[in-house]
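Below you'll find the structure, written out as C-alpha cells, and then a few comments.
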Amino acid sequence: MSLNRRKFLKKSAVTGAGVALAGAVAAPAAQAAEAKKGGKPVKRYSLTVLGTTDLHGHVFNWDYFKDAEYKDTAGNAQGLARISTLVNAVRKEKGRANTLLLDAGDTIQGTPLTYYYAKVDPITAKGGPVHPMAQAMNAIGYDAVALGNHEFNYGIETLRKFESQCRFPLLGANALDAKTLKPAFPPYFMKTFHVKGAPSVKVAVLGLTNPGIAIWDKAYVQGKLTFPGLEEQAAKWVPKLRSMGADVVVVSAHSGSSGTSSYGDQLPYVENSAALVAQQVPGIDAILVGHAHVEIPELKVTNTATGRTVVLSEPLAYAERLSVFDFELVFAKGKWTVESVAASVRNSNSVADDPKITRLLKDEHDVVVAYVNQVVGTATETLTTVEARYKDAPIIDLITKVQEDVVKAALVGTEYASLPVIAQASPFSRTSEIPAGNVTIRDLSSLYVYDNTLVAKVLTGAQVRAYLEYSANYFVQTAAGAVVDVEKLTNANNRPDYNYDYVSGLTYDIDIAQPEGSRIKNLAYGGAALDDAQRFVLAVNNYRANGGGAFPHVASATEVWSESTEIRTRISEWVTAKGSLNPAEFASVDWKLTRDGTPVF
C-alpha cells in the first residue's frame, strides 16, 4: 500500500452556515491597467476562470477496459494529468493569482479506478486510502467543485469521506437537508483578488447540482436530502452574493443547457436548466455547465430582466477539454463592473501528462490495472456488442440471465416467488468484447460500464407491453423495402443507447415500419400470447427503476426487493462461480426487428 494513499489530509476550513470562504489572495502580478479617458485614469483588471466537468474518475489517458492508452477516432485524450498541464500553462500565461479553477461535478464515479476506491479498497475503511480524485485535484489546486449526481452513487458516507479529503469545498446550493431545508453542503465559495493600485475584486462561485439525484439515487437520499430546482435556488442566492460584495458571480452547474429532462414529469424541476438559469436569474456573469457530456466552447444567453449577456461554456467530459473564461473588469463609480466575458476551450490532446500527477498516482493506477486483469473464467466463444443495438445479442442476454438468477434467488420464500421473473438490459457500449479464452474482470466491466444496482418491481402484462413500446421508439421508422443503414437505424429523437431496453423471458417482434406506439407484435410468454392481467417481476437497474429514461409504469410500480451490490459485480460473481462462459447456458433470441412482419436481418 503506497504511503501517499494513506496520508492524512485536513479538510479546508468552512466558516458560517454551510458557506466556504477563502481568504484574500495576494496578486502582485495583478496590477490594474490604467488608460486615460476624459483625462481620468480608468482602472482595469483581467480575471481568468478555468473549468472542467464530468471527470468521472479519469486521472490518466488510460482505458482500463482495453488495458491500453485511451484513443478514439477524433484523436481525443483524457485525464486530469493532461488538464494539469493545461492549467499550468494558463496560470503561467495569466499569472496564477489572477485565475480560479472550478469543476461542475461527477467526479468520483465512472472508471474502475473510482470503483476500486469506493468498493474494493474503500476510502471509508478505518485508516483507508485517500481518494485518487481528491489527491489529483488537491495537487492541481482546484478552488471549488459543484456536486454532480454521480457523487451520490456510492452513498452519502462515501461522499462525505471524499469531501473531508478535499482541500476545496463541494458546492450544492440546491442540495438541502430534507428535515431542515437548509443547505447540506456549502452553497457558495468566495475569493478575493487583490489588485495593486485599486480596490480588491471579490468573486463568488455558486454551486448547483441536479434535481434528478432524488430519482436516480433515491435509495441513498430519500428522507435525508432534497434537491429543488436550479432556477429557484439561484434566484435565492445570487442576490445574497451580490449584497455580500461580489463583483463577479460565476455559477458552476451540474445541469446541461438544453432545457430538457430525461425523467419526464416525475419531478417539477428541469434536469438541464443552465441556460434557463442564465435567462431567468439576474446578476450572473458566467456559468460553467456540466452533466450533458457535450462540448460548448461558448454560448451567450440574454438575461430577460437585465438584457445583459451571460456566457456559458461546457468542456467535454472525462478531462478531454478545459473551459477558459476571460473576464475584463473596469472600475468606475466606486465599484468593479464586468465589461466583457469571453469563453473558449482548450484540448487535452495538445499537451503531455503533468509528471507531478503521474508520479503522485502511479501506485493507485497500477493496483487497479492488476485488479481488472484478474482472470475469473473462460469463454467458449467471442461475445461482442457490435450489433447489440439492433439484434438480440448473446452478450446482453448474459446481463439479463444474471439479473434473473439473482432476483429469483432473492424472492425465494416470499409471496412473489411464484411470479415469473423477466429482466431488462441495455446495450451500453458499442465496442465491448469478451474474447474466447480467459475472461477477466476488465472484460466483464466493459460490458456494464455503470455502477447500477438491481431492483425488483412488479408489472402487469399490459404495463410490460407499454414499456416495450416505449423502448421501441429508439428505432427510426423505416418503410418496408427501404434500404436499411444500421448507422441510421437507431437513436431516434436523439435517444441514447442506454435508454433502449431488451426484456428477457418474453418473445416479441419490433415492427419498425409502424409508427411509434404500434411496433410491438407477437408478444408472448411461454409460447402463448401475453395476458395483460398477468403479473411479472421485472429485474431492473436502479436508474431505470427510479425513473431514468422516463419509461412508463416502472417508477411507480411496487418494489419487492433491492440491493446495493453493483450489477457489474453480480456478473463477475456469476461467471466466477460457473468458471465458464458458454452462450448455450444463457443466450436465446427473444426479439427481432421486422417490417410488416418480415425480419429485417
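As shown in the C-alpha cells, the chain order sets the letters A, B, ...; within each chain, residues go from 1, and ligands are also counted from 1 in the order they appear.
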Problem - Residue list (strand (DSSP E or B), DSSP) for segment 411-525 of chain A, as a VMD selection string - result: chain A and resid 421 to 425 433 to 434 437 to 440 453 to 460 502 to 503 507 to 511 520 to 525
Practice task
Please give the complete set of residues from segment 430-501 of chain A that DSSP, run on the backbone, assigns to helix (DSSP H, G or I), formatted as a PyMOL selection string.
Solution key: chain A and resi 441-447+461-472+492-494+497-499
The selected residues should be written to file as an mmCIF file, in the first residue's frame (atoms: C-alpha atoms).
data_model
loop_
_atom_site.group_PDB
_atom_site.id
_atom_site.type_symbol
_atom_site.label_atom_id
_atom_site.label_comp_id
_atom_site.auth_asym_id
_atom_site.auth_seq_id
_atom_site.Cartn_x
_atom_site.Cartn_y
_atom_site.Cartn_z
ATOM 1 C CA ILE A 441 -12.877 -8.549 -14.546
ATOM 2 C CA ARG A 442 -11.850 -5.967 -17.148
ATOM 3 C CA ASP A 443 -13.750 -7.807 -19.889
ATOM 4 C CA LEU A 444 -16.905 -8.062 -17.791
ATOM 5 C CA SER A 445 -16.677 -4.484 -16.514
ATOM 6 C CA SER A 446 -16.543 -3.167 -20.073
ATOM 7 C CA LEU A 447 -19.889 -4.839 -20.681
ATOM 8 C CA GLY A 461 -48.552 -7.782 -18.861
ATOM 9 C CA ALA A 462 -50.210 -4.597 -20.124
ATOM 10 C CA GLN A 463 -47.562 -2.469 -18.417
ATOM 11 C CA VAL A 464 -44.770 -4.613 -19.874
ATOM 12 C CA ARG A 465 -46.274 -4.119 -23.336
ATOM 13 C CA ALA A 466 -46.314 -0.331 -22.835
ATOM 14 C CA TYR A 467 -42.717 -0.499 -21.566
ATOM 15 C CA LEU A 468 -41.619 -2.335 -24.707
ATOM 16 C CA GLU A 469 -43.493 0.073 -26.987
ATOM 17 C CA TYR A 470 -41.723 2.985 -25.352
ATOM 18 C CA SER A 471 -38.367 1.225 -25.708
ATOM 19 C CA ALA A 472 -39.068 0.567 -29.412
ATOM 20 C CA ALA A 492 -34.480 8.224 -32.995
ATOM 21 C CA ASN A 493 -35.227 11.568 -31.289
ATOM 22 C CA ASN A 494 -31.628 11.539 -30.015
ATOM 23 C CA ASP A 497 -28.249 3.592 -26.468
ATOM 24 C CA TYR A 498 -28.567 3.236 -22.692
ATOM 25 C CA ASN A 499 -32.241 4.165 -22.954
#
With 8 Å as the cut-off and only C-alpha atoms counted, what is the closest atom pair between each nearby residue of segment 258-372 of chain A and segment 206-222 of chain A? Distances in Å to one decimal, ordered by chain and number, as JSON lines.
{"residue": "A:Tyr263", "atom": "CA", "partner": "A:Gly212", "partner_atom": "CA", "distance": 7.6}
{"residue": "A:Leu267", "atom": "CA", "partner": "A:Gly212", "partner_atom": "CA", "distance": 7.7}
{"residue": "A:Tyr269", "atom": "CA", "partner": "A:Pro211", "partner_atom": "CA", "distance": 6.5}
{"residue": "A:Val270", "atom": "CA", "partner": "A:Pro211", "partner_atom": "CA", "distance": 7.5}
{"residue": "A:Glu271", "atom": "CA", "partner": "A:Asn210", "partner_atom": "CA", "distance": 6.3}
Using the selection just defined, write its residues with all heavy atoms as a PDB file, in the first residue's frame.
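After the write, again23.pdb holds the following:
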ATOM      1  N   TYR A 263     -36.308  12.560 -17.160  1.00  0.00           N
ATOM      2  CA  TYR A 263     -37.227  11.887 -16.242  1.00  0.00           C
ATOM      3  C   TYR A 263     -38.679  12.334 -16.414  1.00  0.00           C
ATOM      4  O   TYR A 263     -39.517  12.122 -15.548  1.00  0.00           O
ATOM      5  CB  TYR A 263     -36.794  12.062 -14.784  1.00  0.00           C
ATOM      6  CG  TYR A 263     -36.259  13.427 -14.416  1.00  0.00           C
ATOM      7  CD1 TYR A 263     -37.074  14.553 -14.361  1.00  0.00           C
ATOM      8  CD2 TYR A 263     -34.922  13.599 -14.100  1.00  0.00           C
ATOM      9  CE1 TYR A 263     -36.586  15.788 -14.003  1.00  0.00           C
ATOM     10  CE2 TYR A 263     -34.405  14.836 -13.743  1.00  0.00           C
ATOM     11  CZ  TYR A 263     -35.249  15.925 -13.694  1.00  0.00           C
ATOM     12  OH  TYR A 263     -34.749  17.156 -13.346  1.00  0.00           O
ATOM     13  N   LEU A 267     -40.497  14.842 -11.796  1.00  0.00           N
ATOM     14  CA  LEU A 267     -40.051  15.914 -10.920  1.00  0.00           C
ATOM     15  C   LEU A 267     -40.510  17.240 -11.517  1.00  0.00           C
ATOM     16  O   LEU A 267     -40.542  17.392 -12.744  1.00  0.00           O
ATOM     17  CB  LEU A 267     -38.524  15.929 -10.805  1.00  0.00           C
ATOM     18  CG  LEU A 267     -37.851  14.771 -10.056  1.00  0.00           C
ATOM     19  CD1 LEU A 267     -36.343  14.879 -10.188  1.00  0.00           C
ATOM     20  CD2 LEU A 267     -38.260  14.762  -8.592  1.00  0.00           C
ATOM     21  N   TYR A 269     -38.880  19.857 -11.590  1.00  0.00           N
ATOM     22  CA  TYR A 269     -37.678  20.650 -11.851  1.00  0.00           C
ATOM     23  C   TYR A 269     -37.001  20.174 -13.124  1.00  0.00           C
ATOM     24  O   TYR A 269     -36.963  18.981 -13.420  1.00  0.00           O
ATOM     25  CB  TYR A 269     -36.697  20.518 -10.677  1.00  0.00           C
ATOM     26  CG  TYR A 269     -37.331  20.696  -9.323  1.00  0.00           C
ATOM     27  CD1 TYR A 269     -37.342  19.660  -8.403  1.00  0.00           C
ATOM     28  CD2 TYR A 269     -37.941  21.901  -8.973  1.00  0.00           C
ATOM     29  CE1 TYR A 269     -37.919  19.807  -7.154  1.00  0.00           C
ATOM     30  CE2 TYR A 269     -38.527  22.057  -7.730  1.00  0.00           C
ATOM     31  CZ  TYR A 269     -38.523  21.011  -6.820  1.00  0.00           C
ATOM     32  OH  TYR A 269     -39.104  21.164  -5.589  1.00  0.00           O
ATOM     33  N   VAL A 270     -36.425  21.121 -13.856  1.00  0.00           N
ATOM     34  CA  VAL A 270     -35.782  20.811 -15.132  1.00  0.00           C
ATOM     35  C   VAL A 270     -34.392  20.229 -14.882  1.00  0.00           C
ATOM     36  O   VAL A 270     -33.611  20.756 -14.094  1.00  0.00           O
ATOM     37  CB  VAL A 270     -35.684  22.078 -16.011  1.00  0.00           C
ATOM     38  CG1 VAL A 270     -34.963  21.775 -17.314  1.00  0.00           C
ATOM     39  CG2 VAL A 270     -37.081  22.632 -16.291  1.00  0.00           C
ATOM     40  N   GLU A 271     -34.094  19.136 -15.585  1.00  0.00           N
ATOM     41  CA  GLU A 271     -32.791  18.471 -15.445  1.00  0.00           C
ATOM     42  C   GLU A 271     -31.669  19.323 -16.030  1.00  0.00           C
ATOM     43  O   GLU A 271     -30.635  19.528 -15.401  1.00  0.00           O
ATOM     44  CB  GLU A 271     -32.835  17.109 -16.142  1.00  0.00           C
ATOM     45  CG  GLU A 271     -31.517  16.366 -16.133  1.00  0.00           C
ATOM     46  CD  GLU A 271     -31.587  15.042 -16.881  1.00  0.00           C
ATOM     47  OE1 GLU A 271     -32.682  14.637 -17.335  1.00  0.00           O
ATOM     48  OE2 GLU A 271     -30.530  14.401 -17.033  1.00  0.00           O
TER      49      GLU A 271
END
Practice task
For Pro315 of chain A, please output as JSON, numbers by chain all residues within 8 Å (counting only C-alpha atoms; exclusion window: fewer than 4 positions along the same chain).
Solution key: {"A": [51, 52, 53, 289, 290, 294, 295, 296, 297, 320, 321, 322, 323, 345]}
Residues within 9 Å of Val49 of chain A, please, as a JSON list (two decimals) with N, CA, C and O atoms, in the first residue's frame. Count only C-alpha atoms; anything in the same chain fewer than 6 positions from it doesn't count.
[["chain", "number", "residue", "atom", "x", "y", "z"],
["A", 98, "ASN", "N", -4.29, 35.47, -10.72],
["A", 98, "ASN", "CA", -5.43, 36.04, -11.47],
["A", 98, "ASN", "C", -6.36, 34.94, -12.01],
["A", 98, "ASN", "O", -7.15, 35.19, -12.91],
["A", 99, "THR", "N", -6.22, 33.73, -11.48],
["A", 99, "THR", "CA", -7.01, 32.62, -12.01],
["A", 99, "THR", "C", -7.79, 31.90, -10.90],
["A", 99, "THR", "O", -7.40, 31.93, -9.74],
["A", 100, "LEU", "N", -8.85, 31.25, -11.33],
["A", 100, "LEU", "CA", -9.72, 30.46, -10.46],
["A", 100, "LEU", "C", -9.98, 29.15, -11.19],
["A", 100, "LEU", "O", -10.26, 29.15, -12.39],
["A", 101, "LEU", "N", -9.90, 28.02, -10.49],
["A", 101, "LEU", "CA", -10.11, 26.72, -11.12],
["A", 101, "LEU", "C", -11.31, 26.02, -10.49],
["A", 101, "LEU", "O", -11.33, 25.76, -9.28],
["A", 102, "LEU", "N", -12.30, 25.70, -11.34],
["A", 102, "LEU", "CA", -13.56, 25.12, -10.88],
["A", 102, "LEU", "C", -13.85, 23.81, -11.61],
["A", 102, "LEU", "O", -13.28, 23.51, -12.64],
["A", 250, "VAL", "N", -20.05, 33.73, -10.67],
["A", 250, "VAL", "CA", -19.95, 32.59, -11.58],
["A", 250, "VAL", "C", -20.76, 31.45, -10.99],
["A", 250, "VAL", "O", -20.70, 31.20, -9.78],
["A", 323, "SER", "N", -12.39, 24.44, -20.07],
["A", 323, "SER", "CA", -13.03, 25.71, -20.43],
["A", 323, "SER", "C", -12.22, 26.86, -19.84],
["A", 323, "SER", "O", -11.72, 26.77, -18.71],
["A", 324, "VAL", "N", -12.11, 27.94, -20.61],
["A", 324, "VAL", "CA", -11.39, 29.13, -20.17],
["A", 324, "VAL", "C", -12.30, 30.34, -20.35],
["A", 324, "VAL", "O", -12.71, 30.66, -21.47],
["A", 325, "PHE", "N", -12.67, 30.97, -19.22],
["A", 325, "PHE", "CA", -13.46, 32.20, -19.25],
["A", 325, "PHE", "C", -12.52, 33.37, -18.98],
["A", 325, "PHE", "O", -11.87, 33.41, -17.93],
["A", 326, "ASP", "N", -12.46, 34.31, -19.90],
["A", 326, "ASP", "CA", -11.64, 35.51, -19.71],
["A", 326, "ASP", "C", -12.56, 36.69, -19.41],
["A", 326, "ASP", "O", -13.38, 37.10, -20.25],
["A", 327, "PHE", "N", -12.42, 37.23, -18.20],
["A", 327, "PHE", "CA", -13.22, 38.37, -17.74],
["A", 327, "PHE", "C", -12.40, 39.65, -17.84],
["A", 327, "PHE", "O", -11.23, 39.66, -17.43]]
Handout entry: Between atom CA of Lys179 of chain A and atom CA of Leu225 of chain A, distance in Å (one decimal)
Key =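 Rounded to one decimal, the two atoms are 8.0 Å apart.
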Completion exercise
From the list A:Asp363, A:Lys391, A:Leu50, A:Gly437, the nearest residue to Ser252 of chain A using only C-alpha atoms is A:Leu50
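Distances to Thr385 of chain A were evaluated for A:Ser426, A:Thr358, A:Ser84, A:Thr260 using only C-alpha atoms, and the minimum falls at A:Ser426.
As for atom CA of Ala533 of chain A and atom CA of Leu459 of chain A, they are spaced 9.4 Å apart.
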Practice task
Can you work out which one of A:Pro427, A:Gly259, A:Pro420, A:Gly413 has the shortest atom-to-atom distance to Glu387 of chain A, counting only C-alpha atoms?
Solution key: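 With only C-alpha atoms as the atom set, the closest residue is A:Pro427.
Each of A:Ala456, A:Ala97, A:Leu593, A:Ala524 was checked against Val476 of chain A using only C-alpha atoms; the smallest atom-to-atom distance is that of A:Leu593.
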Practice task
Can you work out the spacing between atom CA of Ala317 of chain A and atom CA of His58 of chain A in Å, to one decimal?
Solution key: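 Atom CA of His58 of chain A lies 9.4 Å from atom CA of Ala317 of chain A.
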Quick one: everything within 9 Å of Asn438 of chain A, counting only C-alpha atoms, minus sequence neighbours fewer than 4 positions away in the same chain. Send it as a short mmCIF file (atom, residue, chain, number, x, y, z; two decimals) with N, CA, C and O atoms, in the first residue's frame.
data_model
loop_
_atom_site.label_atom_id
_atom_site.label_comp_id
_atom_site.auth_asym_id
_atom_site.auth_seq_id
_atom_site.Cartn_x
_atom_site.Cartn_y
_atom_site.Cartn_z
N VAL A 375 -8.16 -12.99 -13.91
CA VAL A 375 -8.96 -13.95 -14.69
C VAL A 375 -10.00 -14.59 -13.78
O VAL A 375 -9.68 -15.08 -12.70
N VAL A 376 -11.27 -14.56 -14.21
CA VAL A 376 -12.35 -15.13 -13.39
C VAL A 376 -13.06 -16.30 -14.08
O VAL A 376 -13.92 -16.94 -13.48
N GLY A 377 -12.75 -16.57 -15.34
CA GLY A 377 -13.40 -17.68 -16.03
C GLY A 377 -12.89 -17.82 -17.45
O GLY A 377 -11.92 -17.16 -17.85
N THR A 378 -13.55 -18.71 -18.21
CA THR A 378 -13.17 -18.97 -19.60
C THR A 378 -14.40 -18.90 -20.49
O THR A 378 -15.44 -19.48 -20.16
N ALA A 379 -14.27 -18.20 -21.62
CA ALA A 379 -15.38 -18.10 -22.57
C ALA A 379 -15.19 -19.11 -23.70
O ALA A 379 -14.08 -19.27 -24.21
N ILE A 434 -16.03 -9.73 -25.09
CA ILE A 434 -15.49 -10.75 -24.20
C ILE A 434 -14.85 -11.80 -25.12
O ILE A 434 -15.56 -12.51 -25.83
#
Practice task
Tell me which protein, DNA and RNA residues are within 12 Å of Thr558 of chain A, counting only C-alpha atoms, leaving out same-chain ones fewer than 3 positions away, and put them as a ChimeraX atom specification.
Solution key: /A:416,455-460,535-538,545-546,553-555,561-562
